$ cat protein_23.csv   # CSV, C-alpha atoms and all ligand atoms
chain,number,residue,atom,x,y,z
A,1,MET,CA,-16.2,3.7,28.0
A,2,GLU,CA,-15.1,1.5,25.1
A,3,ARG,CA,-12.0,-0.5,26.2
A,4,TYR,CA,-10.1,-0.5,22.9
A,5,LEU,CA,-6.7,-0.6,24.7
A,6,ALA,CA,-7.5,-3.7,26.7
A,7,GLY,CA,-4.4,-6.0,26.8
A,8,ARG,CA,-2.0,-3.1,26.1
A,9,ARG,CA,0.6,-1.7,28.4
A,10,ALA,CA,1.5,2.0,28.3
A,11,ILE,CA,4.3,4.1,29.8
A,12,ILE,CA,3.3,7.8,30.3
A,13,THR,CA,6.2,10.2,31.2
A,14,GLY,CA,5.4,13.1,33.5
A,15,GLY,CA,2.1,11.3,34.3
A,16,ILE,CA,1.8,12.2,38.0
A,17,ARG,CA,-0.1,15.5,37.4
A,18,GLY,CA,-1.4,17.8,34.7
A,19,ILE,CA,-1.8,16.7,31.1
A,20,GLY,CA,0.2,13.5,31.8
A,21,LEU,CA,-2.2,12.5,34.6
A,22,GLY,CA,-5.2,13.1,32.3
A,23,ILE,CA,-3.7,11.0,29.6
A,24,ALA,CA,-2.7,8.2,32.0
A,25,ARG,CA,-6.2,8.1,33.4
A,26,ARG,CA,-7.9,8.1,30.0
A,27,ILE,CA,-5.6,5.4,28.6
A,28,ALA,CA,-6.3,3.3,31.7
A,29,GLU,CA,-10.1,3.8,31.2
A,30,ARG,CA,-9.6,2.6,27.7
A,31,GLY,CA,-8.3,-0.7,29.2
A,32,ALA,CA,-4.5,-0.5,29.1
A,33,GLU,CA,-2.2,-1.1,32.1
A,34,VAL,CA,-0.6,2.2,32.8
A,35,ILE,CA,2.9,2.8,34.1
A,36,VAL,CA,3.9,6.4,35.1
A,37,TRP,CA,7.4,7.8,35.0
A,38,ASP,CA,8.0,11.1,36.7
A,39,LEU,CA,10.6,13.0,38.6
A,40,ASN,CA,8.1,13.3,41.5
A,41,VAL,CA,6.4,10.1,42.5
A,42,THR,CA,3.6,11.8,44.5
A,43,SER,CA,1.5,14.8,43.8
A,44,PRO,CA,-1.6,16.4,45.4
A,45,GLU,CA,-3.4,16.0,42.1
A,46,ALA,CA,-2.7,12.2,41.9
A,47,ASP,CA,-3.4,11.7,45.6
A,48,GLY,CA,-7.0,12.9,45.2
A,49,ASP,CA,-7.5,10.8,42.1
A,50,GLU,CA,-9.5,7.5,42.0
A,51,PHE,CA,-7.3,6.3,39.2
A,52,LYS,CA,-4.1,4.5,40.3
A,53,PRO,CA,-1.4,3.5,37.8
A,54,ALA,CA,-0.2,-0.1,38.0
A,55,LEU,CA,3.3,1.2,38.7
A,56,VAL,CA,4.9,4.6,39.4
A,57,GLN,CA,8.6,4.9,38.9
A,58,ARG,CA,10.9,7.8,39.7
A,59,VAL,CA,12.7,8.5,36.4
A,60,ASP,CA,14.5,11.6,35.1
A,61,VAL,CA,13.9,11.5,31.4
A,62,SER,CA,16.9,13.7,30.7
A,63,SER,CA,19.1,10.9,31.9
A,64,ALA,CA,19.6,8.2,29.1
A,65,LYS,CA,21.0,5.8,31.7
A,66,GLU,CA,18.0,6.2,34.1
A,67,VAL,CA,15.5,5.8,31.2
A,68,GLN,CA,17.2,2.6,29.9
A,69,ALA,CA,17.3,1.1,33.4
A,70,ALA,CA,13.7,1.9,34.1
A,71,PHE,CA,12.5,0.6,30.7
A,72,ASP,CA,14.4,-2.7,31.3
A,73,ALA,CA,12.8,-3.0,34.7
A,74,VAL,CA,9.3,-2.4,33.3
A,75,VAL,CA,9.8,-5.2,30.7
A,76,GLU,CA,11.2,-7.5,33.3
A,77,GLN,CA,8.6,-6.8,36.1
A,78,ALA,CA,5.5,-6.0,34.1
A,79,GLY,CA,6.0,-7.3,30.6
A,80,PRO,CA,5.9,-6.0,27.0
A,81,VAL,CA,5.3,-2.3,26.4
A,82,ASP,CA,2.9,-1.3,23.5
A,83,ILE,CA,2.4,2.4,24.0
A,84,LEU,CA,4.8,5.2,25.0
A,85,VAL,CA,3.6,8.7,25.7
A,86,ASN,CA,6.4,11.2,25.9
A,87,ASN,CA,4.7,14.0,27.9
A,88,ALA,CA,7.3,15.1,30.6
A,89,GLY,CA,8.3,18.6,30.1
A,90,ILE,CA,9.1,22.0,31.6
A,91,ASN,CA,8.5,25.5,30.3
A,92,GLY,CA,11.5,27.3,31.6
A,93,PRO,CA,11.5,31.1,32.2
A,94,VAL,CA,9.9,33.7,30.0
A,95,THR,CA,12.9,35.8,29.0
A,96,PRO,CA,14.6,37.1,25.9
A,97,SER,CA,16.9,34.6,24.2
A,98,TRP,CA,20.0,36.8,24.5
A,99,GLU,CA,19.5,36.8,28.3
A,100,TYR,CA,18.5,33.2,28.6
A,101,PRO,CA,20.8,31.4,31.1
A,102,VAL,CA,22.9,28.8,29.4
A,103,GLU,CA,22.3,26.1,32.1
A,104,THR,CA,18.5,26.7,31.9
A,105,TRP,CA,18.6,26.4,28.1
A,106,GLU,CA,20.4,23.1,28.5
A,107,LYS,CA,17.9,21.9,31.1
A,108,VAL,CA,14.9,22.7,28.9
A,109,ILE,CA,16.4,21.0,25.9
A,110,GLY,CA,17.6,18.1,28.1
A,111,ILE,CA,14.1,17.3,29.4
A,112,ASN,CA,11.8,18.4,26.5
A,113,LEU,CA,13.9,17.2,23.6
A,114,ASN,CA,16.6,14.8,24.8
A,115,GLY,CA,14.1,13.2,27.1
A,116,VAL,CA,11.9,12.2,24.1
A,117,PHE,CA,15.0,10.8,22.3
A,118,HIS,CA,16.1,8.8,25.4
A,119,CYS,CA,12.6,7.2,25.9
A,120,CYS,CA,12.2,6.4,22.2
A,121,ARG,CA,15.8,5.0,22.1
A,122,ALA,CA,14.9,2.6,24.9
A,123,ALA,CA,11.5,1.6,23.7
A,124,ILE,CA,12.0,1.2,19.9
A,125,PRO,CA,14.2,-1.9,19.8
A,126,HIS,CA,11.7,-3.6,22.1
A,127,MET,CA,8.8,-2.5,19.9
A,128,ARG,CA,10.5,-3.5,16.7
A,129,ALA,CA,11.3,-6.9,18.0
A,130,ARG,CA,7.5,-7.3,18.7
A,131,GLY,CA,6.4,-5.7,15.4
A,132,TYR,CA,4.0,-3.3,17.3
A,133,GLY,CA,4.2,0.1,19.0
A,134,ARG,CA,2.4,3.4,19.4
A,135,ILE,CA,4.5,6.4,20.4
A,136,ILE,CA,2.9,9.8,21.0
A,137,ASN,CA,5.0,12.8,21.7
A,138,VAL,CA,3.5,15.9,23.5
A,139,ALA,CA,4.9,18.8,21.5
A,140,SER,CA,3.4,22.3,21.5
A,141,ILE,CA,2.1,25.0,19.2
A,142,ALA,CA,5.2,26.8,20.3
A,143,GLY,CA,7.2,24.2,18.3
A,144,LYS,CA,5.4,25.1,15.1
A,145,GLU,CA,5.2,28.9,15.5
A,146,GLY,CA,8.2,29.8,17.7
A,147,VAL,CA,6.9,31.9,20.6
A,148,GLN,CA,8.8,35.0,21.7
A,149,PHE,CA,10.6,34.8,25.1
A,150,ILE,CA,10.3,31.0,25.4
A,151,SER,CA,13.0,30.3,22.8
A,152,ALA,CA,14.4,27.1,24.5
A,153,TYR,CA,10.9,25.7,24.8
A,154,SER,CA,10.0,26.5,21.2
A,155,ALA,CA,13.3,25.0,20.0
A,156,ALA,CA,12.8,21.9,22.0
A,157,LYS,CA,9.2,21.4,20.9
A,158,GLY,CA,10.2,22.1,17.2
A,159,GLY,CA,12.9,19.5,17.6
A,160,VAL,CA,10.3,17.0,19.0
A,161,ILE,CA,8.2,17.6,15.9
A,162,ALA,CA,11.1,17.1,13.4
A,163,PHE,CA,12.4,14.1,15.4
A,164,THR,CA,8.9,12.5,15.3
A,165,LYS,CA,8.8,12.9,11.5
A,166,ALA,CA,12.2,11.5,11.0
A,167,VAL,CA,11.7,8.4,13.2
A,168,ALA,CA,8.2,7.8,11.7
A,169,LYS,CA,9.9,7.2,8.3
A,170,GLU,CA,12.4,4.9,9.9
A,171,LEU,CA,9.7,2.8,11.5
A,172,ALA,CA,7.0,3.0,8.8
A,173,GLN,CA,7.3,-0.7,7.9
A,174,ASP,CA,7.8,-2.0,11.5
A,175,GLY,CA,4.3,-1.8,12.8
A,176,ILE,CA,5.2,1.2,14.9
A,177,LEU,CA,3.4,4.5,14.6
A,178,ILE,CA,4.9,7.7,16.1
A,179,ASN,CA,3.0,10.9,16.2
A,180,CYS,CA,2.9,14.2,18.0
A,181,VAL,CA,0.2,16.4,19.5
A,182,ALA,CA,0.6,20.2,19.5
A,183,PRO,CA,-1.5,21.7,22.3
A,184,ALA,CA,-2.1,25.3,22.9
A,185,MET,CA,-2.3,26.5,26.5
A,186,VAL,CA,-3.9,24.3,29.1
A,187,GLU,CA,-4.4,25.3,32.7
A,188,THR,CA,-1.9,23.2,34.6
A,189,ALA,CA,0.9,23.8,37.1
A,190,LEU,CA,3.2,24.5,34.1
A,191,LEU,CA,1.6,28.0,33.9
A,192,SER,CA,3.3,28.9,37.3
A,193,GLN,CA,6.6,29.1,35.2
A,194,MET,CA,5.0,31.8,33.0
A,195,THR,CA,4.2,35.5,33.5
A,196,GLU,CA,0.6,36.8,33.7
A,197,GLU,CA,1.3,38.8,30.5
A,198,HIS,CA,2.5,35.7,28.6
A,199,ILE,CA,-0.6,33.8,29.7
A,200,ARG,CA,-2.9,36.6,28.7
A,201,ALA,CA,-1.2,36.9,25.3
A,202,SER,CA,-1.4,33.2,24.6
A,203,LYS,CA,-5.1,33.0,25.4
A,204,ALA,CA,-5.8,36.0,23.1
A,205,LYS,CA,-4.3,34.0,20.2
A,206,LEU,CA,-6.9,31.3,20.5
A,207,PRO,CA,-9.8,31.8,18.1
A,208,MET,CA,-12.1,29.7,20.3
A,209,GLY,CA,-11.6,32.2,23.0
A,210,ARG,CA,-10.8,29.7,25.8
A,211,LEU,CA,-8.0,27.5,27.0
A,212,LEU,CA,-7.6,23.9,26.1
A,213,LYS,CA,-8.8,21.3,28.6
A,214,VAL,CA,-6.7,18.3,29.9
A,215,ASP,CA,-9.6,16.0,28.9
A,216,GLU,CA,-9.4,17.2,25.3
A,217,VAL,CA,-5.7,16.3,25.1
A,218,ALA,CA,-6.4,12.9,26.8
A,219,SER,CA,-9.1,12.0,24.3
A,220,MET,CA,-7.0,12.8,21.3
A,221,VAL,CA,-3.9,10.9,22.7
A,222,SER,CA,-5.9,7.8,23.6
A,223,TRP,CA,-7.4,7.8,20.1
A,224,ILE,CA,-4.0,8.0,18.5
A,225,ALA,CA,-2.8,5.2,20.7
A,226,GLY,CA,-5.7,3.0,19.6
A,227,PRO,CA,-6.6,0.7,16.7
A,228,GLU,CA,-8.6,3.2,14.8
A,229,CYS,CA,-5.5,5.3,14.1
A,230,SER,CA,-3.7,2.9,11.7
A,231,PHE,CA,-2.4,4.9,8.7
A,232,THR,CA,-1.1,8.0,10.2
A,233,THR,CA,2.5,8.4,11.3
A,234,GLY,CA,4.9,11.3,11.6
A,235,PHE,CA,1.9,13.6,12.0
A,236,VAL,CA,1.3,16.6,14.3
A,237,PHE,CA,-2.3,16.5,15.6
A,238,ASP,CA,-3.6,19.9,16.4
A,239,LEU,CA,-5.1,21.0,19.7
A,240,THR,CA,-5.2,24.8,19.3
A,241,GLY,CA,-8.9,25.8,18.9
A,242,GLY,CA,-8.2,27.2,15.5
A,243,ARG,CA,-4.9,28.9,16.1
A,244,ALA,CA,-2.6,26.8,14.0
A,245,THR,CA,-2.5,27.6,10.3
A,246,TYR,CA,-0.7,24.5,9.3
B,1,LIG,N1,0.1,23.4,30.0
B,1,LIG,C1,0.2,23.8,28.7
B,1,LIG,O1,-0.3,24.9,28.4
B,1,LIG,C2,0.9,23.1,27.6
B,1,LIG,C3,0.7,23.5,26.3
B,1,LIG,C4,1.4,22.7,25.3
B,1,LIG,C5,2.2,21.7,25.6
B,1,LIG,N2,2.3,21.3,26.9
B,1,LIG,C6,3.2,20.2,27.2
B,1,LIG,O2,2.5,19.2,27.9
B,1,LIG,C7,3.4,18.4,28.7
B,1,LIG,C8,2.8,18.3,30.1
B,1,LIG,O3,2.7,19.6,30.7
B,1,LIG,P1,1.8,20.0,31.9
B,1,LIG,O4,1.1,21.3,31.6
B,1,LIG,O5,0.9,18.9,32.3
B,1,LIG,O6,2.9,20.4,33.0
B,1,LIG,P2,3.0,20.0,34.5
B,1,LIG,O7,4.2,20.8,35.0
B,1,LIG,O8,1.7,20.1,35.2
B,1,LIG,O9,3.5,18.4,34.5
B,1,LIG,C9,4.7,18.0,33.9
B,1,LIG,C10,5.1,16.7,34.6
B,1,LIG,O10,6.4,16.3,34.0
B,1,LIG,C11,7.2,16.0,35.1
B,1,LIG,N3,8.6,16.1,34.8
B,1,LIG,C12,9.3,17.3,34.7
B,1,LIG,N4,10.6,17.1,34.4
B,1,LIG,C13,10.7,15.7,34.3
B,1,LIG,C14,11.9,14.9,34.1
B,1,LIG,N5,13.1,15.4,33.9
B,1,LIG,N6,11.6,13.5,34.1
B,1,LIG,C15,10.4,13.0,34.3
B,1,LIG,N7,9.3,13.8,34.6
B,1,LIG,C16,9.5,15.1,34.6
B,1,LIG,C17,6.8,16.9,36.3
B,1,LIG,O11,7.2,16.3,37.5
B,1,LIG,C18,5.3,16.9,36.1
B,1,LIG,O12,4.7,15.8,36.8
B,1,LIG,C19,4.7,19.1,28.6
B,1,LIG,O13,5.5,18.4,27.7
B,1,LIG,C20,4.4,20.5,28.2
B,1,LIG,O14,5.4,21.1,27.5
B,1,LIG,C21,1.7,22.0,28.0
$ encode --input "protein_23.csv" --output "structure tokens" --more "lines below"
Ligand SMILES: NC(=O)c1ccc[n+]([C@@H]2O[C@H](COP(=O)([O-])OP(=O)(O)OC[C@H]3O[C@@H](n4cnc5c(N)ncnc54)[C@H](O)[C@@H]3O)[C@@H](O)[C@H]2O)c1
Amino acid sequence: MERYLAGRRAIITGGIRGIGLGIARRIAERGAEVIVWDLNVTSPEADGDEFKPALVQRVDVSSAKEVQAAFDAVVEQAGPVDILVNNAGINGPVTPSWEYPVETWEKVIGINLNGVFHCCRAAIPHMRARGYGRIINVASIAGKEGVQFISAYSAAKGGVIAFTKAVAKELAQDGILINCVAPAMVETALLSQMTEEHIRASKAKLPMGRLLKVDEVASMVSWIAGPECSFTTGFVFDLTGGRATY
């Protein structure tokens, strides 16, 4: 595999399993040193994997304090950070918005939206000082369309998309590109938070007639993190097998 990320260092949040693990593995295969931040520092998926990150840190991305401390520790112990992939996220329950528990709403927004802000807030001054950075935020098709019964998730992911666009303009002359990917449904542990009916309905919406694969997300993210992606910022890259109309 072409090692176009050689000499780069990347932080992947939520990288101990699922999509994040796939992204972490691919970015490492492309030559970067990979640091994983996750609430869980071990997982059966990661245990069975040949790929081992350079460093795994227990970080709750919903805590601005923890994120800043972890970022400072990475820079001190490992060195400069070139790439940040904000992937950590939860789905939350599938339930009508008027019955959505307030604490759960706050938790979903706290991890999926505030978490992205906290990680960007920690990384951007460091990247600006070096005049280089690549930030990729894992949003969702739900953030573009608004999906019924996952209103907190849709709102958080829509927020991630708007945040990415705003920050991209702030950083456009600083050598830092910030983009999103908007995946449709991928078979990961996240689906355990959903109902069978919700999963069936989501699959039915995909014109290609199959679910997205982790490897397909990993390929796109590693390309966006690499040197061939140089004039695109504030963009939402599609991963929906033809579902998205914009
Ligand atoms: N699976 C899908 O169908 C799908 C579709 C579109 C977008 N996404 C997004 O992709 C990302 C990864 O999802 P996945 O399917 O791999 O889910 P997953 O549940 O398999 O993995 C998510 C990872 O994030 C970690 N995490 C959760 N809360 C955290 C926190 N507060 N701080 C740090 N780490 C935390 C978990 O421990 C886990 O390792 C999420 O942002 C999700 O919203 C997933």
$ closest_residue --input "protein_23.csv" --among "A:Ala122, A:Ala64, A:Ile16, A:Ile224" --to "ligand LIG 1 (chain B)" --atoms "all atoms listed in the file"
A:Ile16
$ residues_near_ligand --input "protein_23.csv" --ligand "ligand LIG 1 (chain B)" --cutoff "6 Å" --atoms "all atoms listed in the file" --output "short mmCIF file (atom, residue, chain, number, x, y, z; two decimals) with C-alpha atoms, in the frame of the given file"
data_model
loop_
_atom_site.label_atom_id
_atom_site.label_comp_id
_atom_site.auth_asym_id
_atom_site.auth_seq_id
_atom_site.Cartn_x
_atom_site.Cartn_y
_atom_site.Cartn_z
CA THR A 13 6.20 10.20 31.20
CA GLY A 14 5.40 13.10 33.50
CA GLY A 15 2.10 11.30 34.30
CA ILE A 16 1.80 12.20 38.00
CA ARG A 17 -0.10 15.50 37.40
CA GLY A 18 -1.40 17.80 34.70
CA ILE A 19 -1.80 16.70 31.10
CA GLY A 20 0.20 13.50 31.80
CA ASP A 38 8.00 11.10 36.70
CA LEU A 39 10.60 13.00 38.60
CA ASN A 40 8.10 13.30 41.50
CA VAL A 59 12.70 8.50 36.40
CA ASP A 60 14.50 11.60 35.10
CA VAL A 61 13.90 11.50 31.40
CA SER A 62 16.90 13.70 30.70
CA ASN A 87 4.70 14.00 27.90
CA ALA A 88 7.30 15.10 30.60
CA GLY A 89 8.30 18.60 30.10
CA ILE A 90 9.10 22.00 31.60
CA ILE A 111 14.10 17.30 29.40
CA VAL A 138 3.50 15.90 23.50
CA ALA A 139 4.90 18.80 21.50
CA SER A 140 3.40 22.30 21.50
CA PRO A 183 -1.50 21.70 22.30
CA ALA A 184 -2.10 25.30 22.90
CA MET A 185 -2.30 26.50 26.50
CA VAL A 186 -3.90 24.30 29.10
CA GLU A 187 -4.40 25.30 32.70
CA THR A 188 -1.90 23.20 34.60
CA ALA A 189 0.90 23.80 37.10
CA LEU A 190 3.20 24.50 34.10
#
$ closest_residue --input "protein_23.csv" --among "A:Glu228, A:Asp72, A:Asp49, A:Glu197" --to "Ala24 in chain A" --atoms "all atoms listed in the file"
A:Asp49
$ residues_around --input "protein_23.csv" --residues "Thr95 in chain A" --least-positions-apart "6" --cutoff "9 Å" --atoms "only C-alpha atoms" --output "ChimeraX atom specification"
/A:148-151
$ closest_residue --input "protein_23.csv" --among "A:His198, A:Arg134, A:Arg58, A:Lys52" --to "Ile176 in chain A" --atoms "only C-alpha atoms"
A:Arg134
$ closest_residue --input "protein_23.csv" --among "A:Ser230, A:Gln77, A:Asn114, A:Ser222" --to "Phe163 in chain A" --atoms "only C-alpha atoms"
A:Asn114
$ closest_residue --input "protein_23.csv" --among "A:Gln173, A:Thr164, A:Thr104, A:Thr195" --to "Phe237 in chain A" --atoms "all atoms listed in the file"
A:Thr164
$ atom_distance --input "protein_23.csv" --atom1 "CA of Ile178 in chain A" --atom2 "CA of Thr233 in chain A"
5.4 Å
$ residues_around --input "protein_23.csv" --residues "Gly242 in chain A" --least-positions-apart "2" --cutoff "6 Å" --atoms "all atoms listed in the file" --output "number ranges by chain"
A: 207, 240, 244
$ residues_around --input "protein_23.csv" --residues "Ala182 in chain A" --least-positions-apart "4" --cutoff "12 Å" --atoms "only C-alpha atoms" --output "JSON, numbers by chain"
{"A": [87, 136, 137, 138, 139, 140, 141, 142, 143, 144, 145, 154, 157, 158, 160, 161, 186, 212, 216, 217, 220, 221, 235, 236, 237, 238, 239, 240, 241, 242, 243, 244, 246]}
$ closest_residue --input "protein_23.csv" --among "A:Met127, A:Ala172, A:Ala69, A:Val94" --to "Val81 in chain A" --atoms "only C-alpha atoms"
A:Met127
$ residues_near_point --input "protein_23.csv" --point "(5.1, -1.6, 37.1)" --cutoff "6 Å" --atoms "all atoms listed in the file" --output "short mmCIF file (atom, residue, chain, number, x, y, z; two decimals) with C-alpha atoms, in the frame of the given file"
data_model
loop_
_atom_site.label_atom_id
_atom_site.label_comp_id
_atom_site.auth_asym_id
_atom_site.auth_seq_id
_atom_site.Cartn_x
_atom_site.Cartn_y
_atom_site.Cartn_z
CA ILE A 35 2.90 2.80 34.10
CA ALA A 54 -0.20 -0.10 38.00
CA LEU A 55 3.30 1.20 38.70
CA VAL A 74 9.30 -2.40 33.30
CA ALA A 78 5.50 -6.00 34.10
#
$ atom_distance --input "protein_23.csv" --atom1 "CA of Val102 in chain A" --atom2 "CA of Ala166 in chain A"
27.4 Å
$ atom_distance --input "protein_23.csv" --atom1 "CA of Asp174 in chain A" --atom2 "CA of Gly115 in chain A"
22.7 Å
$ residues_near_point --input "protein_23.csv" --point "(-5.1, -0.3, 25.6)" --cutoff "9 Å" --atoms "all atoms listed in the file" --output "list in words"
Arg3, Tyr4, Leu5, Ala6, Gly7, Arg8, Arg9, Ala10, Ile27, Ala28, Glu29, Arg30, Gly31, Ala32, Glu33, Val34, Asp82, Ile83, Ser222, Ala225 and Gly226 of chain A
$ build_atoms --input "protein_23.csv" --residues "range 92-108 of chain A" --atoms "N, CA and C atoms" --output "CSV table (one decimal), in the coordinates of the input"
chain,number,residue,atom,x,y,z
A,92,GLY,N,10.4,26.4,31.5
A,92,GLY,CA,11.5,27.3,31.6
A,92,GLY,C,11.0,28.8,31.7
A,93,PRO,N,11.9,29.7,32.0
A,93,PRO,CA,11.5,31.1,32.2
A,93,PRO,C,11.0,31.8,31.0
A,94,VAL,N,10.3,32.9,31.1
A,94,VAL,CA,9.9,33.7,30.0
A,94,VAL,C,10.9,34.9,30.0
A,95,THR,N,11.8,34.8,29.0
A,95,THR,CA,12.9,35.8,29.0
A,95,THR,C,13.5,35.9,27.6
A,96,PRO,N,14.1,37.0,27.3
A,96,PRO,CA,14.6,37.1,25.9
A,96,PRO,C,15.8,36.1,25.7
A,97,SER,N,15.9,35.7,24.5
A,97,SER,CA,16.9,34.6,24.2
A,97,SER,C,18.3,35.1,24.5
A,98,TRP,N,18.6,36.4,24.3
A,98,TRP,CA,20.0,36.8,24.5
A,98,TRP,C,20.3,36.9,26.0
A,99,GLU,N,19.3,36.8,26.8
A,99,GLU,CA,19.5,36.8,28.3
A,99,GLU,C,19.3,35.4,28.9
A,100,TYR,N,18.9,34.5,28.1
A,100,TYR,CA,18.5,33.2,28.6
A,100,TYR,C,19.7,32.5,29.2
A,101,PRO,N,19.6,32.1,30.5
A,101,PRO,CA,20.8,31.4,31.1
A,101,PRO,C,21.1,30.1,30.4
A,102,VAL,N,22.4,29.9,30.2
A,102,VAL,CA,22.9,28.8,29.4
A,102,VAL,C,22.5,27.4,30.1
A,103,GLU,N,22.6,27.4,31.4
A,103,GLU,CA,22.3,26.1,32.1
A,103,GLU,C,20.8,25.8,32.0
A,104,THR,N,19.9,26.9,32.0
A,104,THR,CA,18.5,26.7,31.9
A,104,THR,C,18.1,26.2,30.5
A,105,TRP,N,18.8,26.8,29.5
A,105,TRP,CA,18.6,26.4,28.1
A,105,TRP,C,18.9,24.9,28.0
A,106,GLU,N,20.0,24.5,28.6
A,106,GLU,CA,20.4,23.1,28.5
A,106,GLU,C,19.4,22.2,29.2
A,107,LYS,N,18.9,22.7,30.3
A,107,LYS,CA,17.9,21.9,31.1
A,107,LYS,C,16.6,21.7,30.3
A,108,VAL,N,16.1,22.8,29.7
A,108,VAL,CA,14.9,22.7,28.9
A,108,VAL,C,15.0,21.8,27.7
